[in-house]
Amino acid sequence: MSLLSHRRRAAAAAAALATVAVTCGQASAASAADAGTVLWTPSTSAGPSSFKAVQCAAGDFGVVKDSVKGSVWRAFQAAGQERCETLSPDLKEGDTFYLGWSSKVDVKDTNSRYVFQLKCSPSTGTANHPIEIDVLNGRVRLQEWDTAHVSHALWTAQTTNNTWHSYALKIRLGRTDGTIDFWFDGVKQTFTTGSGTFQGTTWDGDRNYLKWGSYHQSTGDATNTFTSPVMATTLEAATAGS
């Protein structure tokens, strides 16, 4: 074989290796992009200061060790108290994001509890809580509330006290043209409308933010134990830890 042939073969091999390297680099960059970016999450290591505010009686919110999930948050609402909730972060109208977390609830009476709220201020003259998840008598429900503060039940499922479930939401924030997509225990859900995406009110008032915990007038104790919620740019990033 001539020296020229050797050189041609070596050049071809080098070009092939360069193509593979570029292709692999592009694939790695695409995978990183697909994985998404975490926009906000509280830290159990840092404690309750990870949230903008904690609306609980002293000592009723904090970090505990769970045999299944490890370090998690525990919101305890004693009988007679109206709420034990955390607040974070503030939201911006028009934004789109994913939320993911897992939760187990233990309710000792037959009163409804809100365990998640997308809340708006002021509370009066607005939707008040455009998106909420509540628990009552063994069922969990996702509802949307419109600008007239009228509820629209979008989804329900059965549950029992002290059973872990995972939740994920894709939310686009809009006063009348917002959207909601929802995953329960890792499965995309179809709403009562027959669609997997609901369009309506997901923002109202002049300030909107997220809340986790236990809310509503009560005659018995209630505990909401939940993993650190994750707000992210993709479903994969939002649910990686839940």
# chains A, B, ... in the order shown; residues from 1 in each chain; ligands from 1
call {"tool": "residues_around", "arguments": {"residues": "Ala57 of chain A", "least_positions_apart": "5", "cutoff": "10 Å", "atoms": "only C-alpha atoms", "output": "list in words"}}
result
Ala75, Phe76, Gln77, Ala78, Gln81, Arg83, Cys84 and Glu85 of chain A
call {"tool": "write_last_selection", "arguments": {"atoms": "N, CA and C atoms", "output": "PDB file, in the first residue's frame"}}
result
ATOM      1  N   ALA A  75     -46.099  19.506  58.448  1.00  0.00           N
ATOM      2  CA  ALA A  75     -46.983  20.599  58.846  1.00  0.00           C
ATOM      3  C   ALA A  75     -48.096  20.008  59.703  1.00  0.00           C
ATOM      4  N   PHE A  76     -48.138  20.385  60.973  1.00  0.00           N
ATOM      5  CA  PHE A  76     -49.129  19.860  61.912  1.00  0.00           C
ATOM      6  C   PHE A  76     -50.139  20.942  62.238  1.00  0.00           C
ATOM      7  N   GLN A  77     -51.405  20.687  61.916  1.00  0.00           N
ATOM      8  CA  GLN A  77     -52.511  21.604  62.217  1.00  0.00           C
ATOM      9  C   GLN A  77     -53.326  21.009  63.363  1.00  0.00           C
ATOM     10  N   ALA A  78     -53.198  21.591  64.527  1.00  0.00           N
ATOM     11  CA  ALA A  78     -53.910  21.083  65.693  1.00  0.00           C
ATOM     12  C   ALA A  78     -55.396  21.400  65.590  1.00  0.00           C
ATOM     13  N   GLN A  81     -57.284  24.958  65.112  1.00  0.00           N
ATOM     14  CA  GLN A  81     -56.490  25.926  64.375  1.00  0.00           C
ATOM     15  C   GLN A  81     -56.946  25.978  62.919  1.00  0.00           C
ATOM     16  N   ARG A  83     -54.976  26.879  60.216  1.00  0.00           N
ATOM     17  CA  ARG A  83     -53.998  26.497  59.204  1.00  0.00           C
ATOM     18  C   ARG A  83     -52.650  26.166  59.815  1.00  0.00           C
ATOM     19  N   CYS A  84     -51.874  25.404  59.058  1.00  0.00           N
ATOM     20  CA  CYS A  84     -50.425  25.307  59.232  1.00  0.00           C
ATOM     21  C   CYS A  84     -49.874  25.174  57.815  1.00  0.00           C
ATOM     22  N   GLU A  85     -49.389  26.295  57.268  1.00  0.00           N
ATOM     23  CA  GLU A  85     -48.963  26.338  55.874  1.00  0.00           C
ATOM     24  C   GLU A  85     -47.639  27.074  55.710  1.00  0.00           C
TER      25      GLU A  85
END
call {"tool": "residues_around", "arguments": {"residues": "Thr202 of chain A", "least_positions_apart": "6", "cutoff": "7 Å", "atoms": "only C-alpha atoms", "output": "PDB file with all heavy atoms, in the first residue's frame"}}
result
ATOM      1  N   PRO A 130     -56.629  30.185  42.830  1.00  0.00           N
ATOM      2  CA  PRO A 130     -56.969  29.686  41.496  1.00  0.00           C
ATOM      3  C   PRO A 130     -56.749  28.187  41.307  1.00  0.00           C
ATOM      4  O   PRO A 130     -57.467  27.557  40.531  1.00  0.00           O
ATOM      5  CB  PRO A 130     -56.065  30.501  40.576  1.00  0.00           C
ATOM      6  CG  PRO A 130     -55.779  31.758  41.330  1.00  0.00           C
ATOM      7  CD  PRO A 130     -55.723  31.347  42.765  1.00  0.00           C
ATOM      8  N   ILE A 131     -55.767  27.612  41.999  1.00  0.00           N
ATOM      9  CA  ILE A 131     -55.535  26.164  41.942  1.00  0.00           C
ATOM     10  C   ILE A 131     -55.384  25.656  43.357  1.00  0.00           C
ATOM     11  O   ILE A 131     -54.649  26.241  44.156  1.00  0.00           O
ATOM     12  CB  ILE A 131     -54.261  25.816  41.145  1.00  0.00           C
ATOM     13  CG1 ILE A 131     -54.293  26.417  39.744  1.00  0.00           C
ATOM     14  CG2 ILE A 131     -54.095  24.296  41.046  1.00  0.00           C
ATOM     15  CD1 ILE A 131     -52.990  26.249  38.977  1.00  0.00           C
ATOM     16  N   LEU A 173     -49.355  30.657  33.902  1.00  0.00           N
ATOM     17  CA  LEU A 173     -50.088  31.624  34.711  1.00  0.00           C
ATOM     18  C   LEU A 173     -50.800  32.656  33.837  1.00  0.00           C
ATOM     19  O   LEU A 173     -50.165  33.400  33.087  1.00  0.00           O
ATOM     20  CB  LEU A 173     -49.132  32.331  35.672  1.00  0.00           C
ATOM     21  CG  LEU A 173     -48.463  31.431  36.713  1.00  0.00           C
ATOM     22  CD1 LEU A 173     -47.357  32.175  37.437  1.00  0.00           C
ATOM     23  CD2 LEU A 173     -49.488  30.891  37.702  1.00  0.00           C
ATOM     24  N   GLY A 174     -52.141  32.680  33.948  1.00  0.00           N
ATOM     25  CA  GLY A 174     -52.934  33.655  33.202  1.00  0.00           C
ATOM     26  C   GLY A 174     -54.266  33.861  33.894  1.00  0.00           C
ATOM     27  O   GLY A 174     -54.812  32.941  34.507  1.00  0.00           O
ATOM     28  N   ARG A 175     -54.814  35.055  33.780  1.00  0.00           N
ATOM     29  CA  ARG A 175     -56.058  35.370  34.503  1.00  0.00           C
ATOM     30  C   ARG A 175     -57.248  34.601  33.931  1.00  0.00           C
ATOM     31  O   ARG A 175     -58.098  34.122  34.691  1.00  0.00           O
ATOM     32  CB  ARG A 175     -56.325  36.873  34.488  1.00  0.00           C
ATOM     33  CG  ARG A 175     -57.459  37.276  35.425  1.00  0.00           C
ATOM     34  CD  ARG A 175     -57.510  38.775  35.659  1.00  0.00           C
ATOM     35  NE  ARG A 175     -58.516  39.083  36.668  1.00  0.00           N
ATOM     36  CZ  ARG A 175     -59.799  39.301  36.408  1.00  0.00           C
ATOM     37  NH1 ARG A 175     -60.246  39.235  35.144  1.00  0.00           N
ATOM     38  NH2 ARG A 175     -60.654  39.570  37.380  1.00  0.00           N
ATOM     39  N   GLY A 178     -54.901  30.861  31.455  1.00  0.00           N
ATOM     40  CA  GLY A 178     -53.878  29.992  32.028  1.00  0.00           C
ATOM     41  C   GLY A 178     -54.174  28.535  31.731  1.00  0.00           C
ATOM     42  O   GLY A 178     -55.276  28.176  31.306  1.00  0.00           O
ATOM     43  N   THR A 179     -53.196  27.663  31.947  1.00  0.00           N
ATOM     44  CA  THR A 179     -53.393  26.233  31.703  1.00  0.00           C
ATOM     45  C   THR A 179     -52.844  25.404  32.852  1.00  0.00           C
ATOM     46  O   THR A 179     -51.922  25.820  33.559  1.00  0.00           O
ATOM     47  CB  THR A 179     -52.735  25.770  30.389  1.00  0.00           C
ATOM     48  OG1 THR A 179     -51.326  26.028  30.447  1.00  0.00           O
ATOM     49  CG2 THR A 179     -53.357  26.462  29.190  1.00  0.00           C
TER      50      THR A 179
END
call {"tool": "atom_distance", "arguments": {"atom1": "atom CA of Phe191 of chain A", "atom2": "atom CA of Pro122 of chain A"}}
result
28.1 Å
call {"tool": "residues_around", "arguments": {"residues": "segment 161-172 of chain A", "least_positions_apart": "6", "cutoff": "6 Å", "atoms": "only C-alpha atoms", "output": "list in words"}}
result
Asp95, Thr96, Phe97, Tyr98, Leu99, Gly100, Trp101, Ser102, Ser103, Lys104, Val105, Asp106, Gly178, Thr179, Ile180, Asp181, Phe182, Trp183, Phe184 and Asp185 of chain A
call {"tool": "residues_around", "arguments": {"residues": "segment 115-119 of chain A", "least_positions_apart": "2", "cutoff": "7 Å", "atoms": "only C-alpha atoms", "output": "PDB file with all heavy atoms, in the first residue's frame"}}
result
ATOM      1  N   ARG A 113     -59.475  19.586  53.992  1.00  0.00           N
ATOM      2  CA  ARG A 113     -58.193  20.276  54.172  1.00  0.00           C
ATOM      3  C   ARG A 113     -57.594  20.607  52.812  1.00  0.00           C
ATOM      4  O   ARG A 113     -57.498  19.747  51.942  1.00  0.00           O
ATOM      5  CB  ARG A 113     -57.186  19.408  54.938  1.00  0.00           C
ATOM      6  CG  ARG A 113     -57.554  19.045  56.353  1.00  0.00           C
ATOM      7  CD  ARG A 113     -57.699  20.261  57.250  1.00  0.00           C
ATOM      8  NE  ARG A 113     -57.617  19.919  58.645  1.00  0.00           N
ATOM      9  CZ  ARG A 113     -58.567  19.274  59.327  1.00  0.00           C
ATOM     10  NH1 ARG A 113     -59.683  18.908  58.725  1.00  0.00           N
ATOM     11  NH2 ARG A 113     -58.406  18.996  60.601  1.00  0.00           N
ATOM     12  N   SER A 121     -53.493  37.334  46.109  1.00  0.00           N
ATOM     13  CA  SER A 121     -53.870  38.435  46.993  1.00  0.00           C
ATOM     14  C   SER A 121     -54.289  39.619  46.132  1.00  0.00           C
ATOM     15  O   SER A 121     -53.689  39.862  45.079  1.00  0.00           O
ATOM     16  CB  SER A 121     -52.687  38.830  47.883  1.00  0.00           C
ATOM     17  OG  SER A 121     -52.340  37.778  48.752  1.00  0.00           O
ATOM     18  N   ASN A 128     -59.056  34.040  44.626  1.00  0.00           N
ATOM     19  CA  ASN A 128     -58.574  33.694  45.974  1.00  0.00           C
ATOM     20  C   ASN A 128     -57.498  32.609  45.925  1.00  0.00           C
ATOM     21  O   ASN A 128     -56.381  32.808  46.371  1.00  0.00           O
ATOM     22  CB  ASN A 128     -59.727  33.270  46.886  1.00  0.00           C
ATOM     23  CG  ASN A 128     -59.320  33.137  48.340  1.00  0.00           C
ATOM     24  OD1 ASN A 128     -58.135  33.217  48.663  1.00  0.00           O
ATOM     25  ND2 ASN A 128     -60.272  32.940  49.223  1.00  0.00           N
ATOM     26  N   HIS A 129     -57.856  31.434  45.423  1.00  0.00           N
ATOM     27  CA  HIS A 129     -56.883  30.343  45.264  1.00  0.00           C
ATOM     28  C   HIS A 129     -57.177  29.662  43.923  1.00  0.00           C
ATOM     29  O   HIS A 129     -57.911  28.668  43.888  1.00  0.00           O
ATOM     30  CB  HIS A 129     -56.950  29.350  46.425  1.00  0.00           C
ATOM     31  CG  HIS A 129     -58.302  29.199  47.044  1.00  0.00           C
ATOM     32  ND1 HIS A 129     -59.416  28.786  46.324  1.00  0.00           N
ATOM     33  CD2 HIS A 129     -58.737  29.435  48.300  1.00  0.00           C
ATOM     34  CE1 HIS A 129     -60.470  28.756  47.111  1.00  0.00           C
ATOM     35  NE2 HIS A 129     -60.075  29.153  48.330  1.00  0.00           N
ATOM     36  N   PRO A 130     -56.629  30.185  42.830  1.00  0.00           N
ATOM     37  CA  PRO A 130     -56.969  29.686  41.496  1.00  0.00           C
ATOM     38  C   PRO A 130     -56.749  28.187  41.307  1.00  0.00           C
ATOM     39  O   PRO A 130     -57.467  27.557  40.531  1.00  0.00           O
ATOM     40  CB  PRO A 130     -56.065  30.501  40.576  1.00  0.00           C
ATOM     41  CG  PRO A 130     -55.779  31.758  41.330  1.00  0.00           C
ATOM     42  CD  PRO A 130     -55.723  31.347  42.765  1.00  0.00           C
ATOM     43  N   ILE A 131     -55.767  27.612  41.999  1.00  0.00           N
ATOM     44  CA  ILE A 131     -55.535  26.164  41.942  1.00  0.00           C
ATOM     45  C   ILE A 131     -55.384  25.656  43.357  1.00  0.00           C
ATOM     46  O   ILE A 131     -54.649  26.241  44.156  1.00  0.00           O
ATOM     47  CB  ILE A 131     -54.261  25.816  41.145  1.00  0.00           C
ATOM     48  CG1 ILE A 131     -54.293  26.417  39.744  1.00  0.00           C
ATOM     49  CG2 ILE A 131     -54.095  24.296  41.046  1.00  0.00           C
ATOM     50  CD1 ILE A 131     -52.990  26.249  38.977  1.00  0.00           C
ATOM     51  N   GLU A 132     -56.088  24.581  43.686  1.00  0.00           N
ATOM     52  CA  GLU A 132     -55.911  23.967  45.010  1.00  0.00           C
ATOM     53  C   GLU A 132     -56.142  22.469  44.940  1.00  0.00           C
ATOM     54  O   GLU A 132     -56.889  21.975  44.100  1.00  0.00           O
ATOM     55  CB  GLU A 132     -56.811  24.624  46.060  1.00  0.00           C
ATOM     56  CG  GLU A 132     -58.294  24.648  45.759  1.00  0.00           C
ATOM     57  CD  GLU A 132     -59.066  23.439  46.276  1.00  0.00           C
ATOM     58  OE1 GLU A 132     -58.448  22.472  46.772  1.00  0.00           O
ATOM     59  OE2 GLU A 132     -60.299  23.467  46.157  1.00  0.00           O
ATOM     60  N   ILE A 133     -55.474  21.758  45.844  1.00  0.00           N
ATOM     61  CA  ILE A 133     -55.670  20.326  46.037  1.00  0.00           C
ATOM     62  C   ILE A 133     -56.163  20.134  47.458  1.00  0.00           C
ATOM     63  O   ILE A 133     -55.555  20.643  48.412  1.00  0.00           O
ATOM     64  CB  ILE A 133     -54.375  19.532  45.809  1.00  0.00           C
ATOM     65  CG1 ILE A 133     -53.909  19.681  44.345  1.00  0.00           C
ATOM     66  CG2 ILE A 133     -54.564  18.053  46.155  1.00  0.00           C
ATOM     67  CD1 ILE A 133     -52.556  19.056  44.068  1.00  0.00           C
ATOM     68  N   ASP A 134     -57.298  19.426  47.613  1.00  0.00           N
ATOM     69  CA  ASP A 134     -57.859  19.223  48.946  1.00  0.00           C
ATOM     70  C   ASP A 134     -58.162  17.751  49.197  1.00  0.00           C
ATOM     71  O   ASP A 134     -58.311  16.958  48.263  1.00  0.00           O
ATOM     72  CB  ASP A 134     -59.110  20.078  49.154  1.00  0.00           C
ATOM     73  CG  ASP A 134     -60.224  19.773  48.171  1.00  0.00           C
ATOM     74  OD1 ASP A 134     -60.808  18.669  48.241  1.00  0.00           O
ATOM     75  OD2 ASP A 134     -60.527  20.631  47.322  1.00  0.00           O
ATOM     76  N   ASN A 208     -49.306  36.555  43.478  1.00  0.00           N
ATOM     77  CA  ASN A 208     -49.619  35.127  43.519  1.00  0.00           C
ATOM     78  C   ASN A 208     -48.414  34.366  44.046  1.00  0.00           C
ATOM     79  O   ASN A 208     -47.260  34.737  43.776  1.00  0.00           O
ATOM     80  CB  ASN A 208     -49.976  34.606  42.123  1.00  0.00           C
ATOM     81  CG  ASN A 208     -51.373  35.013  41.659  1.00  0.00           C
ATOM     82  OD1 ASN A 208     -52.139  34.224  41.145  1.00  0.00           O
ATOM     83  ND2 ASN A 208     -51.697  36.291  41.824  1.00  0.00           N
ATOM     84  N   TYR A 209     -48.668  33.292  44.796  1.00  0.00           N
ATOM     85  CA  TYR A 209     -47.597  32.518  45.405  1.00  0.00           C
ATOM     86  C   TYR A 209     -48.122  31.110  45.705  1.00  0.00           C
ATOM     87  O   TYR A 209     -49.320  30.822  45.528  1.00  0.00           O
ATOM     88  CB  TYR A 209     -47.089  33.190  46.683  1.00  0.00           C
ATOM     89  CG  TYR A 209     -48.186  33.686  47.596  1.00  0.00           C
ATOM     90  CD1 TYR A 209     -48.715  32.871  48.590  1.00  0.00           C
ATOM     91  CD2 TYR A 209     -48.699  34.975  47.459  1.00  0.00           C
ATOM     92  CE1 TYR A 209     -49.734  33.319  49.426  1.00  0.00           C
ATOM     93  CE2 TYR A 209     -49.713  35.431  48.294  1.00  0.00           C
ATOM     94  CZ  TYR A 209     -50.221  34.611  49.264  1.00  0.00           C
ATOM     95  OH  TYR A 209     -51.227  35.051  50.089  1.00  0.00           O
ATOM     96  N   LEU A 210     -47.238  30.234  46.154  1.00  0.00           N
ATOM     97  CA  LEU A 210     -47.580  28.831  46.394  1.00  0.00           C
ATOM     98  C   LEU A 210     -47.580  28.521  47.888  1.00  0.00           C
ATOM     99  O   LEU A 210     -46.798  29.093  48.652  1.00  0.00           O
ATOM    100  CB  LEU A 210     -46.571  27.917  45.690  1.00  0.00           C
ATOM    101  CG  LEU A 210     -46.413  28.138  44.187  1.00  0.00           C
ATOM    102  CD1 LEU A 210     -45.289  27.260  43.635  1.00  0.00           C
ATOM    103  CD2 LEU A 210     -47.713  27.870  43.451  1.00  0.00           C
ATOM    104  N   LYS A 211     -48.471  27.583  48.286  1.00  0.00           N
ATOM    105  CA  LYS A 211     -48.568  27.195  49.693  1.00  0.00           C
ATOM    106  C   LYS A 211     -48.717  25.672  49.798  1.00  0.00           C
ATOM    107  O   LYS A 211     -49.450  25.053  49.024  1.00  0.00           O
ATOM    108  CB  LYS A 211     -49.774  27.868  50.362  1.00  0.00           C
ATOM    109  CG  LYS A 211     -49.780  29.383  50.267  1.00  0.00           C
ATOM    110  CD  LYS A 211     -50.949  29.993  51.030  1.00  0.00           C
ATOM    111  CE  LYS A 211     -50.630  30.105  52.509  1.00  0.00           C
ATOM    112  NZ  LYS A 211     -51.679  30.839  53.254  1.00  0.00           N
ATOM    113  N   TRP A 212     -48.021  25.094  50.764  1.00  0.00           N
ATOM    114  CA  TRP A 212     -48.188  23.678  51.109  1.00  0.00           C
ATOM    115  C   TRP A 212     -48.457  23.577  52.607  1.00  0.00           C
ATOM    116  O   TRP A 212     -47.934  24.358  53.403  1.00  0.00           O
ATOM    117  CB  TRP A 212     -46.912  22.899  50.798  1.00  0.00           C
ATOM    118  CG  TRP A 212     -46.674  22.644  49.346  1.00  0.00           C
ATOM    119  CD1 TRP A 212     -47.051  21.541  48.625  1.00  0.00           C
ATOM    120  CD2 TRP A 212     -45.980  23.493  48.423  1.00  0.00           C
ATOM    121  NE1 TRP A 212     -46.642  21.656  47.315  1.00  0.00           N
ATOM    122  CE2 TRP A 212     -45.988  22.843  47.158  1.00  0.00           C
ATOM    123  CE3 TRP A 212     -45.363  24.741  48.525  1.00  0.00           C
ATOM    124  CZ2 TRP A 212     -45.397  23.395  46.025  1.00  0.00           C
ATOM    125  CZ3 TRP A 212     -44.775  25.298  47.398  1.00  0.00           C
ATOM    126  CH2 TRP A 212     -44.799  24.627  46.166  1.00  0.00           C
ATOM    127  N   GLY A 213     -49.257  22.602  53.011  1.00  0.00           N
ATOM    128  CA  GLY A 213     -49.531  22.392  54.423  1.00  0.00           C
ATOM    129  C   GLY A 213     -50.924  21.866  54.634  1.00  0.00           C
ATOM    130  O   GLY A 213     -51.373  20.950  53.939  1.00  0.00           O
ATOM    131  N   SER A 214     -51.650  22.454  55.583  1.00  0.00           N
ATOM    132  CA  SER A 214     -53.013  22.032  55.908  1.00  0.00           C
ATOM    133  C   SER A 214     -53.823  23.267  56.283  1.00  0.00           C
ATOM    134  O   SER A 214     -53.434  24.029  57.174  1.00  0.00           O
ATOM    135  CB  SER A 214     -53.000  21.040  57.077  1.00  0.00           C
ATOM    136  OG  SER A 214     -54.305  20.578  57.382  1.00  0.00           O
ATOM    137  N   TYR A 215     -54.950  23.462  55.571  1.00  0.00           N
ATOM    138  CA  TYR A 215     -55.752  24.661  55.788  1.00  0.00           C
ATOM    139  C   TYR A 215     -57.235  24.323  55.776  1.00  0.00           C
ATOM    140  O   TYR A 215     -57.705  23.551  54.936  1.00  0.00           O
ATOM    141  CB  TYR A 215     -55.473  25.695  54.690  1.00  0.00           C
ATOM    142  CG  TYR A 215     -56.500  26.808  54.623  1.00  0.00           C
ATOM    143  CD1 TYR A 215     -56.549  27.798  55.592  1.00  0.00           C
ATOM    144  CD2 TYR A 215     -57.445  26.832  53.601  1.00  0.00           C
ATOM    145  CE1 TYR A 215     -57.506  28.811  55.543  1.00  0.00           C
ATOM    146  CE2 TYR A 215     -58.404  27.840  53.540  1.00  0.00           C
ATOM    147  CZ  TYR A 215     -58.428  28.816  54.512  1.00  0.00           C
ATOM    148  OH  TYR A 215     -59.375  29.794  54.463  1.00  0.00           O
TER     149      TYR A 215
END
call {"tool": "atom_distance", "arguments": {"atom1": "atom CA of Asn111 of chain A", "atom2": "atom CA of Thr227 of chain A"}}
result
23.7 Å
call {"tool": "closest_residue", "arguments": {"among": "A:Thr192, A:Thr37, A:Gln143, A:Thr201", "to": "Glu236 of chain A", "atoms": "only C-alpha atoms"}}
result
A:Thr37
call {"tool": "closest_residue", "arguments": {"among": "A:Thr193, A:Thr176, A:Ser71, A:Thr124", "to": "Ser43 of chain A", "atoms": "only C-alpha atoms"}}
result
A:Ser71
call {"tool": "select_by_dssp", "arguments": {"residues": "segment 91-202 of chain A", "states": "strand (DSSP E or B)", "output": "PyMOL selection string"}}
result
chain A and resi 96-107+113-121+131-136+139-145+151-158+165-172+178-184+187-188+198-200
call {"tool": "atom_distance", "arguments": {"atom1": "atom CA of Ser242 of chain A", "atom2": "atom CA of Ala35 of chain A"}}
result
15.1 Å
call {"tool": "residues_around", "arguments": {"residues": "Pro42 of chain A", "least_positions_apart": "3", "cutoff": "9 Å", "atoms": "only C-alpha atoms", "output": "list in words"}}
result
Ser45, Ala46, Gly47, Pro48, Ser49, Ser50, Phe51, Ser88, Ser228, Pro229 and Val230 of chain A
call {"tool": "write_last_selection", "arguments": {"atoms": "all heavy atoms", "output": "CSV table (one decimal), in the first residue's frame"}}
result
chain,number,residue,atom,x,y,z
A,45,SER,N,-32.1,20.9,54.9
A,45,SER,CA,-30.9,21.1,55.7
A,45,SER,C,-30.9,22.5,56.3
A,45,SER,O,-30.5,22.8,57.4
A,45,SER,CB,-29.6,20.9,54.8
A,45,SER,OG,-29.5,19.6,54.4
A,46,ALA,N,-31.4,23.5,55.5
A,46,ALA,CA,-31.5,24.9,56.0
A,46,ALA,C,-32.7,25.1,56.9
A,46,ALA,O,-32.7,26.0,57.7
A,46,ALA,CB,-31.6,25.8,54.8
A,47,GLY,N,-33.7,24.3,56.8
A,47,GLY,CA,-34.9,24.4,57.6
A,47,GLY,C,-35.9,25.3,57.2
A,47,GLY,O,-35.9,25.8,56.0
A,48,PRO,N,-36.9,25.7,58.0
A,48,PRO,CA,-38.0,26.5,57.6
A,48,PRO,C,-37.7,27.9,57.0
A,48,PRO,O,-38.5,28.4,56.3
A,48,PRO,CB,-38.8,26.7,58.9
A,48,PRO,CG,-38.5,25.5,59.7
A,48,PRO,CD,-37.0,25.2,59.4
A,49,SER,N,-36.5,28.4,57.2
A,49,SER,CA,-36.1,29.6,56.6
A,49,SER,C,-36.0,29.5,55.1
A,49,SER,O,-35.9,30.6,54.4
A,49,SER,CB,-34.8,30.1,57.2
A,49,SER,OG,-33.7,29.2,56.9
A,50,SER,N,-36.1,28.3,54.6
A,50,SER,CA,-36.1,28.1,53.1
A,50,SER,C,-37.3,28.7,52.5
A,50,SER,O,-37.4,28.9,51.3
A,50,SER,CB,-36.0,26.6,52.8
A,50,SER,OG,-34.8,26.1,53.2
A,51,PHE,N,-38.4,28.9,53.3
A,51,PHE,CA,-39.6,29.4,52.8
A,51,PHE,C,-39.7,30.9,53.1
A,51,PHE,O,-39.1,31.4,54.1
A,51,PHE,CB,-40.8,28.7,53.4
A,51,PHE,CG,-40.9,27.3,53.1
A,51,PHE,CD1,-40.3,26.3,53.8
A,51,PHE,CD2,-41.7,26.9,52.0
A,51,PHE,CE1,-40.4,24.9,53.5
A,51,PHE,CE2,-41.8,25.5,51.6
A,51,PHE,CZ,-41.1,24.6,52.4
A,88,SER,N,-44.2,30.1,49.6
A,88,SER,CA,-43.0,30.4,48.7
A,88,SER,C,-43.3,29.6,47.4
A,88,SER,O,-43.9,28.6,47.4
A,88,SER,CB,-41.7,29.8,49.3
A,88,SER,OG,-40.9,30.8,49.8
A,228,SER,N,-39.6,18.0,49.7
A,228,SER,CA,-39.3,19.4,49.3
A,228,SER,C,-39.9,19.6,47.9
A,228,SER,O,-39.5,18.9,46.9
A,228,SER,CB,-37.8,19.7,49.3
A,228,SER,OG,-37.3,19.9,50.6
A,229,PRO,N,-40.8,20.5,47.7
A,229,PRO,CA,-41.4,20.8,46.4
A,229,PRO,C,-40.3,21.4,45.5
A,229,PRO,O,-39.4,22.1,45.9
A,229,PRO,CB,-42.4,21.9,46.6
A,229,PRO,CG,-42.7,21.8,48.1
A,229,PRO,CD,-41.5,21.4,48.7
A,230,VAL,N,-40.4,21.0,44.2
A,230,VAL,CA,-39.4,21.5,43.2
A,230,VAL,C,-40.1,22.2,42.1
A,230,VAL,O,-41.0,21.7,41.5
A,230,VAL,CB,-38.6,20.4,42.6
A,230,VAL,CG1,-37.6,20.9,41.6
A,230,VAL,CG2,-37.8,19.6,43.7
call {"tool": "closest_residue", "arguments": {"among": "A:Ser195, A:Phe226, A:Gly200, A:Tyr114", "to": "Ala148 of chain A", "atoms": "only C-alpha atoms"}}
result
A:Gly200
call {"tool": "closest_residue", "arguments": {"among": "A:Gly205, A:Val187, A:Asp34, A:Val107", "to": "Thr160 of chain A", "atoms": "only C-alpha atoms"}}
result
A:Val107
call {"tool": "closest_residue", "arguments": {"among": "A:Leu154, A:Ala232, A:Ala238, A:Leu91", "to": "Asp204 of chain A", "atoms": "only C-alpha atoms"}}
result
A:Leu91
